[in-house]
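Structure data (compact mmCIF, C-alpha atoms) from my_file.txt:
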```txt
# COMPACT_ATOMS: atom_id res chain seq x y z
CA MET M 1 1.64 29.03 -28.32
CA SER M 2 3.02 27.76 -25.02
CA ALA M 3 2.02 30.95 -23.21
CA LEU M 4 -1.45 30.83 -24.77
CA ALA M 5 -1.94 27.19 -23.78
CA LYS M 6 -0.91 27.99 -20.21
CA LYS M 7 -3.28 30.96 -20.09
CA LEU M 8 -6.17 28.82 -21.31
CA PHE M 9 -5.28 25.97 -18.91
CA TYR M 10 -5.48 28.27 -15.89
CA SER M 11 -8.48 30.31 -17.06
CA LYS M 12 -11.69 30.04 -15.05
CA HIS M 13 -13.63 28.96 -18.13
CA PHE M 14 -11.43 26.07 -19.30
CA ASN M 15 -9.42 25.09 -16.23
CA LYS M 16 -11.62 22.48 -14.55
CA PHE M 17 -12.21 20.65 -17.83
CA ALA M 18 -8.52 20.85 -18.74
CA VAL M 19 -7.30 19.63 -15.34
CA ARG M 20 -9.71 16.70 -15.25
CA LEU M 21 -8.82 15.72 -18.80
CA TYR M 22 -5.13 15.87 -17.92
CA ALA M 23 -5.81 13.80 -14.78
CA ARG M 24 -7.42 11.07 -16.89
CA LEU M 25 -4.29 10.82 -19.00
CA ASN M 26 -1.83 11.40 -16.14
CA PRO M 27 -3.33 10.22 -12.84
CA PRO M 28 -2.94 12.53 -9.83
CA PRO M 29 -0.84 11.21 -6.94
CA TYR M 30 -3.72 9.62 -5.00
CA ARG M 31 -4.48 7.37 -7.97
CA ARG M 32 -0.90 6.09 -8.21
CA ALA M 33 0.27 2.85 -6.65
CA ASN M 34 3.22 4.29 -4.72
CA MET M 35 1.69 7.59 -3.62
CA GLU M 36 2.88 7.19 -0.03
CA PHE M 37 6.48 6.86 -1.23
CA GLU M 38 6.44 9.50 -3.94
CA HIS M 39 4.74 12.11 -1.70
CA ASP M 40 3.86 12.52 1.92
CA VAL M 41 0.22 11.59 2.47
CA TRP M 42 -1.09 15.18 2.75
CA ASN M 43 0.46 16.22 -0.56
CA GLY M 44 -0.60 12.95 -2.13
CA ILE M 45 -4.28 13.26 -1.28
CA CYS M 46 -4.76 17.05 -1.41
CA THR M 47 -6.10 16.97 -5.01
CA PHE M 48 -9.01 14.74 -3.93
CA HIS M 49 -12.43 16.41 -4.04
CA ALA M 50 -14.79 17.27 -1.23
CA HIS M 51 -18.55 16.83 -1.36
CA ASP M 52 -18.96 20.28 -2.95
CA GLY M 53 -16.50 19.64 -5.78
CA ARG M 54 -13.69 21.68 -4.26
CA GLN M 55 -10.27 20.08 -3.79
CA ILE M 56 -9.56 19.38 -0.14
CA GLY M 57 -6.12 21.02 -0.30
CA GLU M 58 -7.78 24.38 -1.16
CA ASN M 59 -5.09 27.06 -1.78
CA ASN M 60 -2.28 24.60 -1.03
CA THR M 61 -3.35 21.94 -3.54
CA ASN M 62 -0.40 20.58 -5.49
CA PRO M 63 1.14 19.58 -7.85
CA VAL M 64 -0.03 22.81 -9.46
CA VAL M 65 -0.91 21.06 -12.73
CA TYR M 66 -3.78 19.33 -10.88
CA LYS M 67 -4.99 22.42 -9.02
CA GLU M 68 -8.39 23.56 -10.21
CA VAL M 69 -9.31 27.24 -10.43
CA VAL M 70 -12.39 27.74 -8.23
CA GLU M 71 -14.21 30.77 -6.86
CA THR M 72 -12.67 31.56 -3.47
CA GLU M 73 -13.30 34.53 -1.22
CA HIS M 74 -10.17 35.99 0.33
CA LYS M 75 -9.87 38.78 2.87
CA ILE M 76 -6.85 40.53 4.33
CA CYS M 77 -6.07 39.15 7.76
CA LYS M 78 -6.37 41.57 10.67
CA PHE M 79 -5.19 39.11 13.31
CA GLU M 80 -2.05 40.05 15.17
CA GLY M 81 1.13 38.10 14.63
CA SER M 82 2.65 36.47 11.58
CA ARG M 83 -0.59 36.45 9.56
CA ASN M 84 -1.33 40.14 9.83
CA GLY M 85 -1.87 41.73 6.42
CA LEU M 86 -1.90 38.43 4.54
CA PRO M 87 -4.87 37.04 2.55
CA ILE M 88 -6.94 34.35 4.25
CA ASN M 89 -9.35 31.88 2.65
CA VAL M 90 -12.77 32.91 3.95
CA THR M 91 -14.56 30.28 1.86
CA ALA M 92 -12.69 27.45 3.60
CA LEU M 93 -13.22 29.08 6.99
CA LYS M 94 -17.00 29.19 6.46
CA GLN M 95 -16.96 25.48 5.56
CA VAL M 96 -15.11 24.62 8.76
CA MET M 97 -17.36 26.76 10.93
CA ALA M 98 -20.45 25.09 9.47
CA VAL M 99 -19.40 21.81 11.10
CA TRP M 100 -17.32 23.18 14.00
CA PRO M 101 -19.20 21.53 16.92
CA ASP M 102 -19.20 18.19 15.09
CA ALA M 103 -15.48 18.58 14.29
CA LEU M 104 -14.63 18.97 17.98
CA GLN M 105 -16.62 15.84 18.80
CA PHE M 106 -15.12 13.85 15.93
CA THR M 107 -11.63 14.88 17.01
CA THR M 108 -12.37 13.85 20.60
CA MET M 109 -13.75 10.48 19.52
CA LEU M 110 -10.64 9.81 17.45
CA ARG M 111 -8.44 11.05 20.26
CA ASN M 112 -10.05 8.77 22.85
CA ASP M 113 -9.46 5.77 20.60
CA TYR M 114 -5.88 6.91 19.93
CA LEU M 115 -5.13 7.10 23.67
CA ARG M 116 -6.56 3.63 24.17
CA ARG M 117 -4.60 2.12 21.30
CA ARG M 118 -1.34 3.76 22.33
CA GLY M 119 -1.82 2.85 25.99
CA LEU M 120 -1.50 6.52 26.99
CA GLN M 121 -2.84 7.66 30.32
CA GLY M 122 -3.41 11.17 29.04
CA PRO M 123 -5.28 13.28 28.77
CA ARG M 124 -2.54 15.68 27.62
CA LEU M 125 -0.22 14.78 24.73
CA THR M 126 3.41 15.62 24.12
CA LEU M 127 4.33 17.08 20.74
CA ALA M 128 5.66 13.71 19.57
CA GLN M 129 2.41 11.99 20.58
CA GLY M 130 0.42 14.81 18.99
CA TYR M 131 2.47 14.43 15.80
CA VAL M 132 1.42 10.78 15.49
CA PHE M 133 -2.21 11.60 16.27
CA SER M 134 -2.28 14.42 13.72
CA LYS M 135 -1.21 11.99 10.98
CA LEU M 136 -4.80 10.75 11.15
CA GLY M 137 -5.94 14.02 9.58
CA ALA M 138 -4.47 13.29 6.15
CA ALA M 139 -4.50 9.50 6.45
CA TYR M 140 -8.28 9.42 6.96
CA PRO M 141 -9.26 10.63 3.44
CA ALA M 142 -6.24 8.90 1.86
CA TYR M 143 -7.23 5.53 3.30
CA LEU M 144 -10.90 5.86 2.36
CA ALA M 145 -10.10 7.05 -1.16
CA ARG M 146 -7.38 4.49 -1.90
CA LYS M 147 -8.57 1.27 -0.25
CA ARG M 148 -9.71 -1.52 -2.53
CA SER M 149 -13.10 -2.16 -0.96
CA GLN M 150 -15.70 0.54 -1.58
CA PRO M 151 -13.43 3.57 -1.92
CA ILE M 152 -15.16 6.92 -1.49
CA MET M 153 -15.61 9.22 -4.47
CA SER M 154 -15.66 12.46 -2.47
CA LEU M 155 -15.08 13.60 1.11
CA PRO M 156 -18.02 14.72 3.30
CA ALA M 157 -18.02 18.16 4.92
CA LEU M 158 -17.03 17.05 8.43
CA GLU M 159 -14.11 14.93 7.24
CA THR M 160 -12.97 17.75 4.96
CA ALA M 161 -12.87 20.09 7.96
CA PHE M 162 -10.88 17.51 9.94
CA PHE M 163 -8.40 17.25 7.04
CA THR M 164 -7.87 20.99 7.37
CA LEU M 165 -7.76 21.13 11.16
CA GLY M 166 -6.26 17.82 12.23
CA VAL M 167 -2.82 18.27 10.70
CA GLY M 168 -2.01 21.23 12.97
CA PRO M 169 0.41 19.48 15.39
CA PHE M 170 2.14 17.75 12.47
CA MET M 171 2.66 21.09 10.73
CA VAL M 172 4.18 22.64 13.87
CA VAL M 173 6.56 19.72 14.33
CA ARG M 174 7.56 19.72 10.65
CA THR M 175 8.36 23.44 10.72
CA PHE M 176 10.56 23.02 13.79
CA MET M 177 12.23 19.95 12.27
CA GLU M 178 13.14 21.88 9.15
CA ARG M 179 14.73 24.55 11.33
CA GLY M 180 16.62 21.96 13.34
CA ASP M 181 14.88 23.12 16.52
CA LEU M 182 14.95 20.42 19.20
CA ALA M 183 12.13 22.12 21.11
CA VAL M 184 9.73 19.64 19.51
CA LEU M 185 11.36 16.88 21.55
CA HIS M 186 10.02 18.49 24.73
CA ASP M 187 8.88 15.48 26.74
CA GLY M 188 5.95 17.06 28.53
CA PRO M 189 2.59 18.49 27.47
CA LEU M 190 2.21 22.15 26.52
CA THR M 191 -0.64 24.57 26.97
CA ALA M 192 -2.65 25.67 23.96
CA ALA M 193 -1.14 29.16 24.33
CA GLU M 194 2.38 27.74 24.22
CA LEU M 195 1.55 25.67 21.16
CA TYR M 196 -0.05 28.66 19.43
CA GLU M 197 3.05 30.77 20.08
CA MET M 198 5.23 28.04 18.59
CA ALA M 199 3.02 27.91 15.50
CA ASP M 200 2.80 31.68 15.09
CA SER M 201 6.46 32.50 15.72
CA SER M 202 7.73 29.72 13.44
CA GLY M 203 5.60 30.73 10.45
CA THR M 204 3.51 27.55 10.59
CA LEU M 205 0.33 29.62 10.25
CA VAL M 206 1.50 31.01 6.88
CA SER M 207 1.48 28.81 3.77
CA ALA M 208 4.32 28.56 1.28
CA GLY M 209 2.18 30.65 -1.05
CA GLY M 210 2.00 33.51 1.46
CA LYS M 211 -1.57 33.00 2.68
CA GLY M 212 -2.51 32.93 6.35
CA CYS M 213 -4.48 30.34 8.30
CA ALA M 214 -8.04 31.66 8.31
CA GLY M 215 -8.96 30.73 11.88
CA SER M 216 -8.94 33.30 14.65
CA LYS M 217 -6.54 32.92 17.55
CA LYS M 218 -9.40 31.77 19.81
CA LEU M 219 -10.51 29.20 17.25
CA ILE M 220 -7.00 27.79 16.95
CA LEU M 221 -6.49 27.80 20.73
CA ASP M 222 -9.78 25.94 21.25
CA PHE M 223 -8.90 23.28 18.69
CA LEU M 224 -5.36 22.85 20.04
CA ASP M 225 -6.75 22.43 23.54
CA VAL M 226 -9.19 19.77 22.39
CA THR M 227 -6.60 17.98 20.24
CA MET M 228 -3.57 18.11 22.51
CA ASN M 229 -5.05 18.45 25.99
CA GLY M 230 -8.43 16.69 25.71
CA THR M 231 -10.50 19.59 27.02
CA PHE M 232 -13.78 18.77 25.26
CA ALA M 233 -16.18 18.02 28.13
CA LYS M 234 -19.60 18.00 26.48
CA PRO M 235 -21.55 14.83 25.59
CA LEU M 236 -20.31 13.03 22.46
CA ASP M 237 -23.73 12.91 20.86
CA SER M 238 -23.06 14.14 17.32
CA ALA M 239 -24.68 11.84 14.78
CA ASP M 240 -22.43 13.17 12.02
CA ALA M 241 -19.30 12.56 14.09
CA ARG M 242 -20.47 9.02 14.83
CA ARG M 243 -21.15 8.48 11.11
CA ALA M 244 -17.61 9.64 10.29
CA VAL M 245 -16.16 7.26 12.87
CA ASP M 246 -18.21 4.38 11.51
CA SER M 247 -16.98 5.12 7.97
CA ILE M 248 -13.78 3.30 8.93
CA ALA M 249 -14.97 -0.28 8.94
CA ASP M 250 -11.70 -1.78 10.18
CA TRP M 251 -9.83 0.46 12.60
CA ASP M 252 -6.93 -1.96 13.03
CA GLU M 253 -6.38 -1.86 9.29
CA PHE M 254 -6.68 1.92 9.23
CA TYR M 255 -4.08 2.30 11.97
CA ALA M 256 -1.78 -0.07 10.10
CA TYR M 257 -2.04 2.38 7.19
CA VAL M 258 -1.45 5.41 9.44
CA TYR M 259 1.66 3.93 11.03
CA ALA M 260 3.14 2.54 7.81
CA SER M 261 2.66 5.75 5.82
CA ALA M 262 3.96 7.94 8.67
CA ARG M 263 7.04 5.75 9.09
CA LEU M 264 7.69 5.77 5.36
CA GLU M 265 7.53 9.55 5.23
CA LEU M 266 10.11 9.85 8.02
CA LEU M 267 12.37 7.23 6.44
CA VAL M 268 12.40 9.13 3.15
CA ARG M 269 13.19 12.38 4.96
CA LEU M 270 15.99 10.61 6.85
CA ALA M 271 17.47 9.48 3.54
CA GLN M 272 17.27 13.03 2.24
CA TYR M 273 18.99 14.63 5.22
CA LEU M 274 21.68 11.97 5.55
CA CYS M 275 22.47 12.52 1.88
CA ALA M 276 22.28 16.28 2.37
CA GLN M 277 25.01 16.11 5.02
CA SER M 278 27.39 14.52 2.56
CA LEU M 279 26.37 16.85 -0.24
CA TRP M 280 26.84 19.88 2.02
CA SER M 281 30.34 18.75 2.98
CA LEU M 282 31.27 18.90 -0.71
CA HIS M 283 29.49 22.22 -1.19
CA THR M 284 31.55 23.90 1.52
CA ARG M 285 34.96 22.83 0.17
CA SER M 286 36.27 25.32 -2.32
CA GLY M 287 37.76 23.92 -5.52
CA LEU M 288 36.67 20.35 -4.87
CA LEU M 289 34.10 20.07 -7.67
CA SER M 290 34.25 20.84 -11.38
CA GLU M 291 31.97 23.17 -13.31
CA VAL M 292 30.01 20.11 -14.44
CA GLU M 293 29.61 18.73 -10.92
CA LEU M 294 28.62 21.96 -9.16
CA PRO M 295 25.18 22.33 -10.80
CA LEU M 296 24.48 18.62 -10.22
CA LEU M 297 25.32 19.10 -6.55
CA ALA M 298 23.05 22.16 -6.35
CA GLN M 299 20.14 20.21 -7.86
CA CYS M 300 20.63 17.35 -5.39
CA LEU M 301 20.82 19.68 -2.39
CA ASP M 302 17.72 21.55 -3.51
CA LYS M 303 15.82 18.25 -3.58
CA ALA M 304 17.22 16.79 -0.36
CA TYR M 305 17.37 19.79 1.96
CA HIS M 306 14.74 22.37 2.89
CA ASP M 307 16.72 25.55 3.47
CA PRO M 308 15.13 27.42 6.42
CA GLY M 309 17.13 30.58 5.76
CA ALA M 310 20.52 32.17 6.27
CA SER M 311 20.14 32.48 10.05
CA TYR M 312 20.22 28.69 10.44
CA GLU M 313 23.51 26.78 10.27
CA PRO M 314 22.97 23.89 7.81
CA ARG M 315 25.13 21.30 9.59
CA THR M 316 23.28 21.87 12.86
CA VAL M 317 19.90 21.84 11.12
CA MET M 318 20.65 18.58 9.32
CA GLY M 319 21.95 16.84 12.42
CA ASN M 320 19.04 17.98 14.57
CA PHE M 321 16.51 17.10 11.86
CA ILE M 322 17.85 13.56 11.82
CA GLN M 323 17.70 13.39 15.61
CA ILE M 324 14.05 14.50 15.61
CA ALA M 325 13.10 12.10 12.80
CA LEU M 326 14.61 9.19 14.72
CA ALA M 327 12.74 10.23 17.88
CA LEU M 328 9.46 10.32 15.93
CA LEU M 329 10.18 6.88 14.50
CA ASP M 330 10.69 5.70 18.08
CA GLU M 331 7.29 7.20 18.94
CA LEU M 332 5.89 5.23 16.00
CA ASP M 333 7.34 2.02 17.47
CA PHE M 334 9.95 1.72 14.73
CA PRO M 335 13.43 1.73 16.34
CA GLN M 336 14.88 -0.56 13.66
CA ALA M 337 16.02 2.35 11.51
CA ARG M 338 17.97 3.94 14.38
CA VAL M 339 19.68 0.62 15.19
CA ALA M 340 20.69 0.07 11.56
CA LEU M 341 22.00 3.62 11.10
CA VAL M 342 24.05 3.40 14.30
CA GLU M 343 25.52 0.06 13.22
CA ALA M 344 26.43 1.60 9.85
CA SER M 345 28.12 4.54 11.66
CA LEU M 346 25.79 6.94 9.89
CA VAL M 347 24.48 8.38 13.13
CA GLN M 348 25.80 8.35 16.65
CA SER M 349 23.85 6.47 19.27
CA GLY M 350 21.45 8.83 21.00
CA HIS M 351 22.40 11.79 18.80
CA GLY M 352 21.65 13.25 15.40
CA GLY M 353 23.52 13.13 12.14
CA TYR M 354 27.12 12.14 11.74
CA LEU M 355 29.30 15.02 10.55
CA ILE M 356 30.81 13.87 7.27
CA ASP M 357 33.58 16.48 7.52
CA GLN M 358 35.12 14.50 10.36
CA VAL M 359 35.67 11.47 8.12
CA GLY M 360 39.22 11.04 6.89
CA GLY M 361 40.34 10.02 3.42
CA ASP M 362 39.26 11.26 0.02
CA ALA M 363 36.37 13.67 0.54
CA ARG M 364 34.73 13.06 -2.83
CA VAL M 365 34.78 9.28 -2.63
CA SER M 366 33.85 9.33 1.05
CA ALA M 367 30.80 11.50 0.38
CA ALA M 368 29.67 9.26 -2.47
CA ARG M 369 30.11 6.13 -0.39
CA ARG M 370 28.17 7.54 2.55
CA ILE M 371 25.31 8.60 0.28
CA ARG M 372 25.16 5.08 -1.09
CA LEU M 373 25.44 3.60 2.40
CA ALA M 374 22.64 5.79 3.75
CA THR M 375 20.22 4.86 0.99
CA GLU M 376 21.23 1.19 1.04
CA THR M 377 20.72 1.05 4.82
CA LEU M 378 17.28 2.67 4.70
CA MET M 379 16.09 0.94 1.52
CA PRO M 380 14.78 -2.28 3.17
CA PHE M 381 12.77 -0.25 5.67
CA CYS M 382 11.29 1.95 2.95
CA LYS M 383 10.28 -1.13 0.97
CA GLN M 384 8.85 -2.79 4.07
CA THR M 385 6.73 0.21 5.09
CA LEU M 386 5.50 0.77 1.53
CA ASP M 387 4.51 -2.89 1.37
CA ASP M 388 2.68 -2.38 4.68
CA THR M 389 0.65 0.49 3.22
CA HIS M 390 -0.29 -1.66 0.23
CA ARG M 391 -1.41 -4.51 2.48
CA ALA M 392 -3.52 -2.16 4.59
CA LEU M 393 -5.22 -0.90 1.44
CA HIS M 394 -5.54 -4.41 -0.05
CA ARG M 395 -4.25 -2.85 -3.28
CA PHE M 396 -1.04 -2.32 -5.23
CA THR M 397 0.68 -5.29 -3.58
CA ALA M 398 2.50 -6.13 -6.82
CA HIS M 399 4.18 -2.71 -6.83
CA THR M 400 7.46 -2.05 -5.10
CA ILE M 401 10.50 0.26 -5.22
CA THR M 402 14.17 -0.12 -6.00
CA LEU M 403 17.31 1.46 -4.57
CA ASP M 404 17.41 3.73 -7.60
CA ASP M 405 13.87 4.87 -6.79
CA LEU M 406 14.91 5.81 -3.24
CA GLN M 407 18.01 7.67 -4.41
CA ARG M 408 15.95 9.58 -6.96
CA ARG M 409 13.28 10.34 -4.36
CA ALA M 410 15.91 11.55 -1.90
CA CYS M 411 18.06 13.68 -4.18
CA GLY M 412 16.47 13.80 -7.62
CA PRO M 413 17.71 12.57 -11.01
CA ALA M 414 20.99 14.48 -10.74
CA LEU M 415 22.31 12.16 -8.02
CA GLN M 416 23.33 9.22 -10.19
CA PRO M 417 25.48 11.25 -12.62
CA LEU M 418 26.99 13.12 -9.66
CA LEU M 419 27.91 9.90 -7.84
CA ALA M 420 29.46 8.51 -11.02
CA LEU M 421 31.67 11.59 -11.35
CA LEU M 422 32.65 11.58 -7.66
CA GLU M 423 33.63 7.92 -7.76
CA THR M 424 35.54 7.97 -11.04
CA ARG M 425 37.60 11.16 -10.49
CA PRO M 426 39.12 10.67 -7.05
CA THR M 427 42.61 12.02 -7.47
CA GLN M 428 42.78 15.68 -8.42
CA GLN M 429 40.52 18.60 -9.24
CA HIS M 430 41.54 22.15 -10.17
CA GLY M 431 45.07 21.46 -8.99
CA ALA M 432 44.11 20.62 -5.42
CA PRO M 433 44.57 17.12 -3.89
CA MET M 434 41.25 15.40 -3.25
CA GLY M 435 40.03 15.72 0.30
CA VAL M 436 42.13 18.83 0.94
CA PRO M 437 40.28 22.17 0.85
CA ALA M 438 41.81 24.53 -1.70
```

Could you render the structure as structure tokens?
Amino acid sequence: MSALAKKLFYSKHFNKFAVRLYARLNPPPYRRANMEFEHDVWNGICTFHAHDGRQIGENNTNPVVYKEVVETEHKICKFEGSRNGLPINVTALKQVMAVWPDALQFTTMLRNDYLRRRGLQGPRLTLAQGYVFSKLGAAYPAYLARKRSQPIMSLPALETAFFTLGVGPFMVVRTFMERGDLAVLHDGPLTAAELYEMADSSGTLVSAGGKGCAGSKKLILDFLDVTMNGTFAKPLDSADARRAVDSIADWDEFYAYVYASARLELLVRLAQYLCAQSLWSLHTRSGLLSEVELPLLAQCLDKAYHDPGASYEPRTVMGNFIQIALALLDELDFPQARVALVEASLVQSGHGGYLIDQVGGDARVSAARRIRLATETLMPFCKQTLDDTHRALHRFTAHTITLDDLQRRACGPALQPLLALLETRPTQQHGAPMGVPA
């Protein structure tokens, strides 16, 4: 019966009705009060619908229970590089190309305003500056769909294309962060060719589901040049681009939403990777955990840490990830988190994550305490930035989060029982003294 129900749910005939019925009973992320905390903004809004009834996340729409089965044309990619031989979404590509000239103008209009607001001389952006600018891509539909006053019911074609295109720099930076690659902290601008090589070589142009970005190399290079280097030199006379700009009635309020949601995302990721450092220190010590604790630890690590593969050393990745996240928070004018983490001895001033293995004393208790300290230190900032998103939306202001919410968000539901075991069994395990590798 379960298999039959699943087959019917994902069938072309019943799926759209089933998904929308389920969404009425269990709201998708973008209809939940704390979406920006429970998901990053892209994943939170990707189930929203475009003007043509398609979900704006296309192949990458998640959670999968909300993903509608729609007719989509795929072709095997013949581009050179990481995408070669992979399927690409031709339907989405045609939609982007239909508004391509307007998309370049819209991007340039947004970019000009971004430079003015940030006080940047420009025209070329560093990766950190491009990361902040690219957060507009997902924040634009999220803000318009979630704000209290006159929320939109669907996303027009131009804005849907910008949702697809605009997140490019963010995706590159996120991929490098998750590999612990400090190249994203490069403090100068890069050419479009250099940026494309970073995206292609890192796998950024391939989705988690194994599908390639549908744009040609020239298309991607042109957009990167416009976005990062401000190369669009034609008149900004697109009526559709101007309409899209004017759809944001209050740009100060919109930017408040962009900054708050971007900061919150980084704060949550910081909590995850600080916890992951402590969890990893326990994982690497043979005989330290019981058969009950080991699966709990594995569940927590799986939630907190994105494993980039065996060729990457986890301690280095975690420390560098934290260093990059702090640098991006600095770019977002939010140094408070760095100051608090340094004062709590969770990170070293000017560097990345603190290596838990260097801490003396009982390893189990020390790991548990540092996990609690990390989440307790970051909790006020998470609450503050979530409150800021609510105020920008003029909605959900009665909703908040607790420390337990942050710990669950960082490491999943297995964290609390694991911490309880680590803190109540500090003396001996499997015959080995606590804190001493077997």

Can you build me a table of region 224-250 of chain M residues sitting at most 12 Å from region 88-102 of chain M, with the closest atom pair per residue and its distance in Å to one decimal, using only C-alpha atoms, sorted by chain and residue number, as a Markdown table?
```
| residue | atom | partner | partner_atom | distance |
| --- | --- | --- | --- | --- |
| M:Val226 | CA | M:Pro101 | CA | 11.5 |
| M:Phe232 | CA | M:Pro101 | CA | 10.3 |
| M:Lys234 | CA | M:Pro101 | CA | 10.2 |
| M:Pro235 | CA | M:Pro101 | CA | 11.2 |
| M:Leu236 | CA | M:Asp102 | CA | 9.1 |
| M:Asp237 | CA | M:Asp102 | CA | 9.0 |
| M:Ser238 | CA | M:Asp102 | CA | 6.0 |
| M:Ala239 | CA | M:Asp102 | CA | 8.4 |
| M:Asp240 | CA | M:Asp102 | CA | 6.7 |
| M:Ala241 | CA | M:Asp102 | CA | 5.7 |
| M:Arg242 | CA | M:Asp102 | CA | 9.3 |
| M:Arg243 | CA | M:Asp102 | CA | 10.7 |
| M:Ala244 | CA | M:Asp102 | CA | 9.9 |
| M:Val245 | CA | M:Asp102 | CA | 11.6 |
```

Practice item. Would you list the contacts of Phe321 (chain M) as number ranges by chain, taking every protein, DNA or RNA residue within 10 Å and counting all atoms listed in the file, but skipping same-chain residues closer than 3 positions in sequence? Key: M: 174, 176-182, 269-270, 273-274, 315-318, 324-327, 352-353

Kindly assemble as JSON lines a list of the region 85-163 of chain M residues that lie within 12 Å of region 187-211 of chain M, each paired with its nearest atom pair and their distance in Å to one decimal, using all atoms listed in the file, sorted first by chain and then by ascending residue number.
```
{"residue": "M:Gly85", "atom": "CA", "partner": "M:Lys211", "partner_atom": "CA", "distance": 9.5}
{"residue": "M:Leu86", "atom": "CA", "partner": "M:Lys211", "partner_atom": "CA", "distance": 5.7}
{"residue": "M:Pro87", "atom": "CA", "partner": "M:Lys211", "partner_atom": "CA", "distance": 5.2}
{"residue": "M:Ile88", "atom": "CA", "partner": "M:Lys211", "partner_atom": "CA", "distance": 5.8}
{"residue": "M:Asn89", "atom": "CA", "partner": "M:Lys211", "partner_atom": "CA", "distance": 7.9}
{"residue": "M:Val90", "atom": "CA", "partner": "M:Lys211", "partner_atom": "CA", "distance": 11.3}
{"residue": "M:Gly122", "atom": "CA", "partner": "M:Pro189", "partner_atom": "CA", "distance": 9.6}
{"residue": "M:Pro123", "atom": "CA", "partner": "M:Pro189", "partner_atom": "CA", "distance": 9.5}
{"residue": "M:Arg124", "atom": "CA", "partner": "M:Pro189", "partner_atom": "CA", "distance": 5.9}
{"residue": "M:Leu125", "atom": "CA", "partner": "M:Pro189", "partner_atom": "CA", "distance": 5.4}
{"residue": "M:Thr126", "atom": "CA", "partner": "M:Pro189", "partner_atom": "CA", "distance": 4.5}
{"residue": "M:Leu127", "atom": "CA", "partner": "M:Pro189", "partner_atom": "CA", "distance": 7.1}
{"residue": "M:Ala128", "atom": "CA", "partner": "M:Asp187", "partner_atom": "CA", "distance": 8.1}
{"residue": "M:Gln129", "atom": "CA", "partner": "M:Pro189", "partner_atom": "CA", "distance": 9.5}
{"residue": "M:Gly130", "atom": "CA", "partner": "M:Pro189", "partner_atom": "CA", "distance": 9.5}
```

Selected residues written out, C-alpha atoms, as a CSV table (one decimal), keeping the file's coordinate frame:
```csv
chain,number,residue,atom,x,y,z
M,85,GLY,CA,-1.9,41.7,6.4
M,86,LEU,CA,-1.9,38.4,4.5
M,87,PRO,CA,-4.9,37.0,2.6
M,88,ILE,CA,-6.9,34.4,4.2
M,89,ASN,CA,-9.4,31.9,2.6
M,90,VAL,CA,-12.8,32.9,4.0
M,122,GLY,CA,-3.4,11.2,29.0
M,123,PRO,CA,-5.3,13.3,28.8
M,124,ARG,CA,-2.5,15.7,27.6
M,125,LEU,CA,-0.2,14.8,24.7
M,126,THR,CA,3.4,15.6,24.1
M,127,LEU,CA,4.3,17.1,20.7
M,128,ALA,CA,5.7,13.7,19.6
M,129,GLN,CA,2.4,12.0,20.6
M,130,GLY,CA,0.4,14.8,19.0
```

Point to revise | Surrounding residues of Leu332 (chain M) excluding itself and chain neighbours under 4 positions, 9 Å, all atoms listed in the file, as an NGL selection string | key: :M and (129 or 132 or 259 or 262-263 or 327-328)

Exercise for review: Pick out the residues sitting within 10 Å of region 21-30 of chain M, and hand them over as a ChimeraX atom specification; count only C-alpha atoms, and ignore anything fewer than 5 positions along from it in its own chain.
Suggested key: /M:15-16,35-36,38-39,41-48,62-63,65-66,142-143,145-146

Those selected residues, please, written with C-alpha atoms and delivered as an mmCIF file, in the frame of the given file.
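Resulting contents of result03.cif:
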```cif
data_model
loop_
_atom_site.group_PDB
_atom_site.id
_atom_site.type_symbol
_atom_site.label_atom_id
_atom_site.label_comp_id
_atom_site.auth_asym_id
_atom_site.auth_seq_id
_atom_site.Cartn_x
_atom_site.Cartn_y
_atom_site.Cartn_z
ATOM 1 C CA ASN M 15 -9.420 25.090 -16.230
ATOM 2 C CA LYS M 16 -11.620 22.480 -14.550
ATOM 3 C CA MET M 35 1.690 7.590 -3.620
ATOM 4 C CA GLU M 36 2.880 7.190 -0.030
ATOM 5 C CA GLU M 38 6.440 9.500 -3.940
ATOM 6 C CA HIS M 39 4.740 12.110 -1.700
ATOM 7 C CA VAL M 41 0.220 11.590 2.470
ATOM 8 C CA TRP M 42 -1.090 15.180 2.750
ATOM 9 C CA ASN M 43 0.460 16.220 -0.560
ATOM 10 C CA GLY M 44 -0.600 12.950 -2.130
ATOM 11 C CA ILE M 45 -4.280 13.260 -1.280
ATOM 12 C CA CYS M 46 -4.760 17.050 -1.410
ATOM 13 C CA THR M 47 -6.100 16.970 -5.010
ATOM 14 C CA PHE M 48 -9.010 14.740 -3.930
ATOM 15 C CA ASN M 62 -0.400 20.580 -5.490
ATOM 16 C CA PRO M 63 1.140 19.580 -7.850
ATOM 17 C CA VAL M 65 -0.910 21.060 -12.730
ATOM 18 C CA TYR M 66 -3.780 19.330 -10.880
ATOM 19 C CA ALA M 142 -6.240 8.900 1.860
ATOM 20 C CA TYR M 143 -7.230 5.530 3.300
ATOM 21 C CA ALA M 145 -10.100 7.050 -1.160
ATOM 22 C CA ARG M 146 -7.380 4.490 -1.900
#
```

Set up a box along x, y and z of the file covering all listed atoms of region 313-320 of chain M, add 8 Å on every one of the six sides, and write the centre and edge lengths in Å to one decimal, as AutoDock Vina command-line options.
```
--center_x 22.1 --center_y 21.8 --center_z 11.2 --size_x 22.1 --size_y 25.9 --size_z 22.8
```

**Study point:** Point-to-point distance in Å for CA of Thr108 (chain M) and CA of Leu224 (chain M)
**Key:** 11.4 Å
